[in-house]
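First the structure, in the form of structure tokens, and then the observations on it.
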There are 2 protein chains.
Amino acid sequence: MNEPTCSWVKTVHLTPPSLSNNTADVDRLIDTLKSALDTDHIRIDLDLIQSLPALVRQGEYHLRCILFKDGPQWLLVGITTGRDDRTVAGIAIDLGTSRVVLRLVDLAAGSVLGETVMDNPQITVGPDVLARIHYTDGLDRRTELQQLIIDALNTRIEQLCRNCHLTPTDVYLLSVAGNTTMTHLFMGLEPRFIIREPYIPAVNRPGVQKTRDLGLMVHPNARVLIFPNIGSYFGGDLIAGILFSGLHRQEETGILVDVGTNAEVVVGNHDWLMACAGAAGPALEGGVSQMGIMAGPGVIERIRINPETGRWDLGTIDDQPPRGICGSGMIDLAAQLFLTGMLDIRGKFVESACADRLKKENQVYQLVVVPASRSASGQALTISQADIDSLIRSKAAMYTILETITSHVGITFNDLATFYVAGTFGAFIDPEAAIAIGMIPDLPLSTYRSLGNSSLEGATMALTSIDAVDEIDRIRDRITYLELNVNQDFMNRFSAAKFLPHTDHSRFPSVVIPGKNAVGE
Amino acid sequence: MNEPTCSWVKTVHLTPPSLSNNTADVDRLIDTLKSALDTDHIRIDLDLIQSLPALVRQGEYHLRCILFKDGPQWLLVGITTGRDDRTVAGIAIDLGTSRVVLRLVDLAAGSVLGETVMDNPQITVGPDVLARIHYTDGLDRRTELQQLIIDALNTRIEQLCRNCHLTPTDVYLLSVAGNTTMTHLFMGLEPRFIIREPYIPAVNRPGVQKTRDLGLMVHPNARVLIFPNIGSYFGGDLIAGILFSGLHRQEETGILVDVGTNAEVVVGNHDWLMACAGAAGPALEGGVSQMGIMAGPGVIERIRINPETGRWDLGTIDDQPPRGICGSGMIDLAAQLFLTGMLDIRGKFVESACADRLKKENQVYQLVVVPASRSASGQALTISQADIDSLIRSKAAMYTILETITSHVGITFNDLATFYVAGTFGAFIDPEAAIAIGMIPDLPLSTYRSLGNSSLEGATMALTSIDAVDEIDRIRDRITYLELNVNQDFMNRFSAAKFLPHTDHSRFPSVVIPGKNAVGE
């Protein structure tokens with residue numbers, strides 16, 4: 001959503017030295033860059049100093065410089081002759097707990113050259129943050145986990161470069177946006193205090209590091225910018241998301257929500273930013289219900305139930321025979337069940353409306369979503385009352401968090417000009433369905449904006465815009481973090497939000513509740 | 001001449017984290033240091049970030065930090081627990097072309113722990129700057145020369161530490177002051193353009209580097225400050241000398257002179273500094289006359305000739321039998337010969353006055369300084385007319401340089417409040433003798449101040465005073481360098497200065513010229 005304002009690659013012509021102008025080679029270059037960049041502080045590595053005298057003469061005082069910024073200090077990362085037209089590349093990395101996305105960027109043009117996705121290889125020792133931190137406990141297995149991700153990145157970087165007819169030594173800059181734990185494991189930092197009261201990360205602002213020190217096999221002088229975090233539960237991926245959304249530059253107040261096992265929320269405008277994070281429960285990521293799986297071919301992502309005919313229309317990824325349901329599909333399903341009277345306002349199955357789709361097994365209600373005859377596996381795909389209960393707890397937690405943070409800053413939902421939904425998962429949520437079950441406020445649909453992989457987009461901006469890098473620390477430092485206290489107020493709000501869409505129906509005027517099903521079976 | 005104002009070692013107590021104060025470990029430390037140091041910019045190495053979570057808890061939030069400064073940025077170089085009372089050391093290095101002096105310093109106390117001297121091992125490939133640069137020509141022998149000095153330093157550092165019951169890993173900071181070529185060879189930089197028109201060094205401001213990158217075996221995170229230079233012929237040793245002298249902070253104008261094969265001169269006060277450098281000739285270093293040698297036992301350093309009795313009194317180093325004469329001894333000898341009428345104002349031997357000390361061999365006059373019977377070698381120590389001529393050219397060059405720079409800035413010698421003589425050699429010059437031959441101006445003797453090894457002293461200040469480090473770049477950047485043009489003006493001045501003490505005797509009122517010897521033999 002931002003345009004690159006200036007590239008990290010800068011070509012300069014130096015005035016050749018003379019008896020009356022005998023400044024040294026390095027200082028001649030630095031002085032020229034200082035006035036071009038309007039700065040007093042440029043740092044150059046020893047090996048560049050060592051190679052410059054030959055290079056400056058070979059290039060006849062015409063040089064191409066690759067720069068980066070670390071706080072107030074500019075870093076001279078690479079130098080070639082001015083005639084060298086070999087691509088100067090960067091790689092933006094979205095370092096997710098489950099998936100890692102790498103994007104190769106042309107630093108001079110600011111354009112994307114290629115992209116690749118891989119599973120985070122640390123999944124082999126634990127699926128989530130908690131399991132991985134516990135794995136490092138007691139023993140020094142930090143290096144092992146760091147090596148897993150670094151090795152996998154090196155392999156992918158090599159492939160990605162090869163596909164674009166480049167080599168890893170063409171890569172001078174990297175940016176990494178991930179949650180606080182992934183960032184710690186990437187840097188080989190002690191993560192154990194992240195999950196123990198009072199929840200202290202090793203570092204909030206990892207800044208710019210040498211890729212060499214981390215074991216990344218790119219250009220030997222390359223640097224990596226690691227996005228800062230606000231704390232153990234509000235990571236660099238969110239800072240990257242804010243950067244990409246532009247929330248921090250807007251006059252009108254907006255909100256950005258990353259929906260997942262944890263819900264991270266930031267509300268604000270160009271004057272202030274307030275953030276919080278809370279557990280929303282795994283139901284939203286499709287991790288709980290018997291048929292819940294991660295997005296992939298055959299996964300149900302869209303459901304429409306015709307209230308007149310009772311006919312179900314299922315949309316699956318790649319139009320494959322259905323084999324499970326993902327988080328956004330669950331929200332769609334719950335919304336449709338509620339809007340057609342098959343769920344009451346407590347979220348309980350309405351026997352009469354569900355008719356023969358409802359079965360009781362071991363005292364638990366199961367609703368058949370896909371009969372055995374039409375599923376990929378040949379077995380019926382069902383959803384239980386417990387699955388629905390879990391989803392409702394998650395949506396209630398989400399709504400309560402949104403209510404708590406907005407009321408804390410003294411605004412109402414109607415004051416929000418934009419409601420950004422971040423993260424890959426967020427991209428698939430249908431706001432209308434999420435409103436129907438009361439997970440998000442009943443705002444005009446045009447208010448909702450999906451950001452896609454905002455973590456990757458923010459990381460890309462750091463490689464294509466000098467201004468963006470300056471903004472990162474400013475965003476971080478402007479955020480006030482609100483510690484969510486699960487107190488009586490929070491519990492009251494949570495209880496009220498556990499209804500569909502809410503005990504106070506007037507909050508959701510757009511949601512038309514089916515006439516008949518007050519509370520009943 | 002400066003007192004350390006503040007140490008590089010700082011002990012801090014951190015507020016332990018809590019649920020309401022969950023700043024990360026690193027940022028908690030950095031924030032505390034930022035307010036203690038009144039700065040916005042502190043940089044910490046990756047491996048310190050990696051070790052901090054364990055260390056901060058082991059030290060119960062009480063830490064001892066070793067800091068340094070690189071331009072506007074503070075560097076966090078080392079961290080121990082606050083209870084750790086092991087000495088934190090630094091090493092100041094005077095990197096001379098012939099001799100290298102290392103001084104071990106307690107960084108917390110600012111006190112000197114020990115010192116050691118060695119020959120510069122690069123002497124094996126060439127005695128002087130020119131020979132060493134030519135040695136690197138054509139071939140890449142830079143690494144070889146760098147390795148010679150680095151290996152020798154590592155050996156000496158290990159010995160020096162051991163003698164003081166420390167190990168090299170206790171050494172966190174180093175400072176190196178040397179001339180521009182020695183600095184280049186130390187850093188492995190291309191020196192070939194230093195001696196070729198238009199005389200361009202690779203770098204003027206080498207700044208602070210990681211000792212690891214240079215191959216120095218001290219603490220793995222240790223830093224080395226390399227003193228900046230003004231150009232190929234005005235090096236970091238001179239900047240260190242200015243720092244130590246305090247010339248740049250004084251209200252009254254002073255001058256600082258480093259006397260050697262090259263004469264480097266800086267004149268100025270707290271408002272301005274003007275520098276120049278010129279060839280003074282090797283005679284001043286005792287490198288020319290047949291009996292000229294470097295200072296050492298048995299070397300003649302002091303001569304008195306009684307004008308009444310004609311008796312010669314020789315002072316030798318360590319009172320050993322005489323075996324040669326050093327530069328300062330030559331100045332003393334020439335002054336005494338002139339003041340007793342044995343040299344005329346053109347610097348020619350006066351036959352009548354020299355009497356039987358003068359011999360003619362192969363058409364060249366030789367004056368016997370020490371007869372064969374009393375010399376260490378059993379051979380007479382003599383000095384030729386050519387030796388005297390060479391000394392006079394050197395002293396004339398020095399005086400001309402002093403006259404040129406002062407007249408360039410529009411002052412007379414009498415405007416100089418202080419006349420600093422820098423360098424080890426300068427320490428041994430007797431100002432009275434140097435005035436008598438017209439090498440330096442006829443100022444009150446109290447104006448002259450010998451600085452001793454001002455390069456080492458300045459390097460030491462960088463390790464014991466934060467203010468001193470801030471001053472180094474300020475001194476460098478304030479100096480205006482005057483390129484000495486050997487034009488008609490210069491040659492006229494030089495010709496006039498080739499007399500004893502000068503053609504214009506009124507410039508040297510304190511020098512009483514012997515009545516008889518106008519011009520004649």
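Labels used: A, B, ... for chains in the order of the structure tokens, numbers from 1 for residues in each chain, and numbers from 1 for ligands as shown.
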
Report the closest atom pair, with its distance in Å rounded to one decimal, for each residue of stretch 7-93 of chain A that has an atom no farther than 12 Å from stretch 110-123 of chain A; count only C-alpha atoms, sort by chain and then rising residue number, and write it as CSV.
```
residue,atom,partner,partner_atom,distance
A:Ser7,CA,A:Gly110,CA,7.0
A:Trp8,CA,A:Gly110,CA,9.1
A:Val9,CA,A:Gly110,CA,9.9
A:Thr87,CA,A:Leu113,CA,10.3
A:Val88,CA,A:Gly110,CA,10.3
A:Ala89,CA,A:Leu113,CA,8.8
A:Gly90,CA,A:Gly110,CA,9.5
A:Ile91,CA,A:Glu115,CA,9.2
A:Ala92,CA,A:Glu115,CA,9.4
A:Ile93,CA,A:Val117,CA,9.7
```

Can you check which residues of stretch 169-418 of chain A DSSP gives as strand (DSSP E or B) on the backbone and send them as a PyMOL selection string?
chain A and resi 171-178+207-210+223-226+231+234+254-258+262-268+273-279+292+299-305+312-316+324-325+343+349+358-361+364-370+381-384+418

Can you write out as JSON lines which residues of chain B fall within 7 Å of chain A, alongside each residue's closest atom pair and its distance in Å to one decimal, counting only C-alpha atoms and ordering rows by chain and ascending residue number?
```
{"residue": "B:Pro17", "atom": "CA", "partner": "A:Pro198", "partner_atom": "CA", "distance": 6.9}
{"residue": "B:Ser18", "atom": "CA", "partner": "A:Pro198", "partner_atom": "CA", "distance": 5.3}
{"residue": "B:Leu19", "atom": "CA", "partner": "A:Pro198", "partner_atom": "CA", "distance": 4.8}
{"residue": "B:Asn22", "atom": "CA", "partner": "A:Ile200", "partner_atom": "CA", "distance": 5.6}
{"residue": "B:Thr23", "atom": "CA", "partner": "A:Ile200", "partner_atom": "CA", "distance": 6.6}
{"residue": "B:Ala24", "atom": "CA", "partner": "A:Pro201", "partner_atom": "CA", "distance": 4.7}
{"residue": "B:Asp25", "atom": "CA", "partner": "A:Ala202", "partner_atom": "CA", "distance": 5.0}
{"residue": "B:Val26", "atom": "CA", "partner": "A:Val203", "partner_atom": "CA", "distance": 5.0}
{"residue": "B:Asp27", "atom": "CA", "partner": "A:Val203", "partner_atom": "CA", "distance": 6.0}
{"residue": "B:Gln50", "atom": "CA", "partner": "A:Leu189", "partner_atom": "CA", "distance": 4.9}
{"residue": "B:Pro53", "atom": "CA", "partner": "A:Ala202", "partner_atom": "CA", "distance": 5.8}
{"residue": "B:Gly188", "atom": "CA", "partner": "A:Gln50", "partner_atom": "CA", "distance": 6.6}
{"residue": "B:Leu189", "atom": "CA", "partner": "A:Gln50", "partner_atom": "CA", "distance": 4.9}
{"residue": "B:Glu190", "atom": "CA", "partner": "A:Pro53", "partner_atom": "CA", "distance": 6.7}
{"residue": "B:Pro198", "atom": "CA", "partner": "A:Leu19", "partner_atom": "CA", "distance": 4.8}
{"residue": "B:Tyr199", "atom": "CA", "partner": "A:Asn22", "partner_atom": "CA", "distance": 6.7}
{"residue": "B:Ile200", "atom": "CA", "partner": "A:Ala24", "partner_atom": "CA", "distance": 5.2}
{"residue": "B:Pro201", "atom": "CA", "partner": "A:Ala24", "partner_atom": "CA", "distance": 4.7}
{"residue": "B:Ala202", "atom": "CA", "partner": "A:Asp25", "partner_atom": "CA", "distance": 5.0}
{"residue": "B:Val203", "atom": "CA", "partner": "A:Ala24", "partner_atom": "CA", "distance": 4.9}
{"residue": "B:Asn204", "atom": "CA", "partner": "A:Ala24", "partner_atom": "CA", "distance": 5.5}
{"residue": "B:Gly231", "atom": "CA", "partner": "A:Thr23", "partner_atom": "CA", "distance": 6.9}
```

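The set of residues in stretch 66-157 of chain B assigned to alpha helix (DSSP H) by DSSP, using only backbone atoms of this structure, is Val129, Leu130, Ala131, Arg132, Ile133, His134, Tyr135, Thr136, Arg142, Thr143, Glu144, Leu145, Gln146, Gln147, Leu148, Ile149, Ile150, Asp151, Ala152, Leu153, Asn154, Thr155, Arg156 and Ile157 of chain B.
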
At a cut-off of 7 Å, using only C-alpha atoms, what residues contact A:Ile317? Leave out same-chain residues fewer than 5 positions from it and give the result as a count of residues only.
6

I'd like the neighbourhood of B:Gly423 as an MDAnalysis selection string, where a residue qualifies if any of its atoms comes within 7 Å (using only C-alpha atoms), though same-chain residues fewer than 5 positions away should be ignored.
chainID B and resid 258 451:454

Rounded to one decimal, what separation in Å do you get between atom CA of A:Phe338 and atom CA of A:Val350?
9.5 Å

Neighbours of A:Asp470 within 10 Å (only C-alpha atoms; same-chain residues fewer than 3 positions away dropped), as a ChimeraX atom specification?
/A:69-72,462,465-467,473-475

When you look at A:Thr169 with a cut-off of 8 Å (counting only C-alpha atoms), what residues show up, excluding the ones that are within fewer than 6 positions of it in the same chain? I need them as a ChimeraX atom specification.
/A:217-220

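Around B:Ile345, within 6 Å and counting only C-alpha atoms, the residues found are Gly347, Phe499 and Leu500 of chain B, once anything fewer than 2 positions away on its own chain is removed.
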
Convert the current residue selection to file output with N, CA, C and O atoms, as a short mmCIF file (atom, residue, chain, number, x, y, z; two decimals), in the first residue's frame.
```cif
data_model
loop_
_atom_site.label_atom_id
_atom_site.label_comp_id
_atom_site.auth_asym_id
_atom_site.auth_seq_id
_atom_site.Cartn_x
_atom_site.Cartn_y
_atom_site.Cartn_z
N GLY B 347 78.65 26.82 8.38
CA GLY B 347 78.71 25.43 8.80
C GLY B 347 79.95 24.72 8.30
O GLY B 347 79.98 23.49 8.23
N PHE B 499 72.29 28.98 7.07
CA PHE B 499 73.40 29.52 7.83
C PHE B 499 73.19 29.24 9.31
O PHE B 499 72.09 28.87 9.73
N LEU B 500 74.26 29.39 10.10
CA LEU B 500 74.19 29.15 11.54
C LEU B 500 74.17 30.48 12.27
O LEU B 500 75.11 31.25 12.11
#
```

Distance of atom CA of A:Leu174 from atom CA of A:Ile226, expressed in Å to one decimal place
8.5 Å

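One finds atom CA of B:Glu457 at 26.5 Å from atom CA of B:Arg64.
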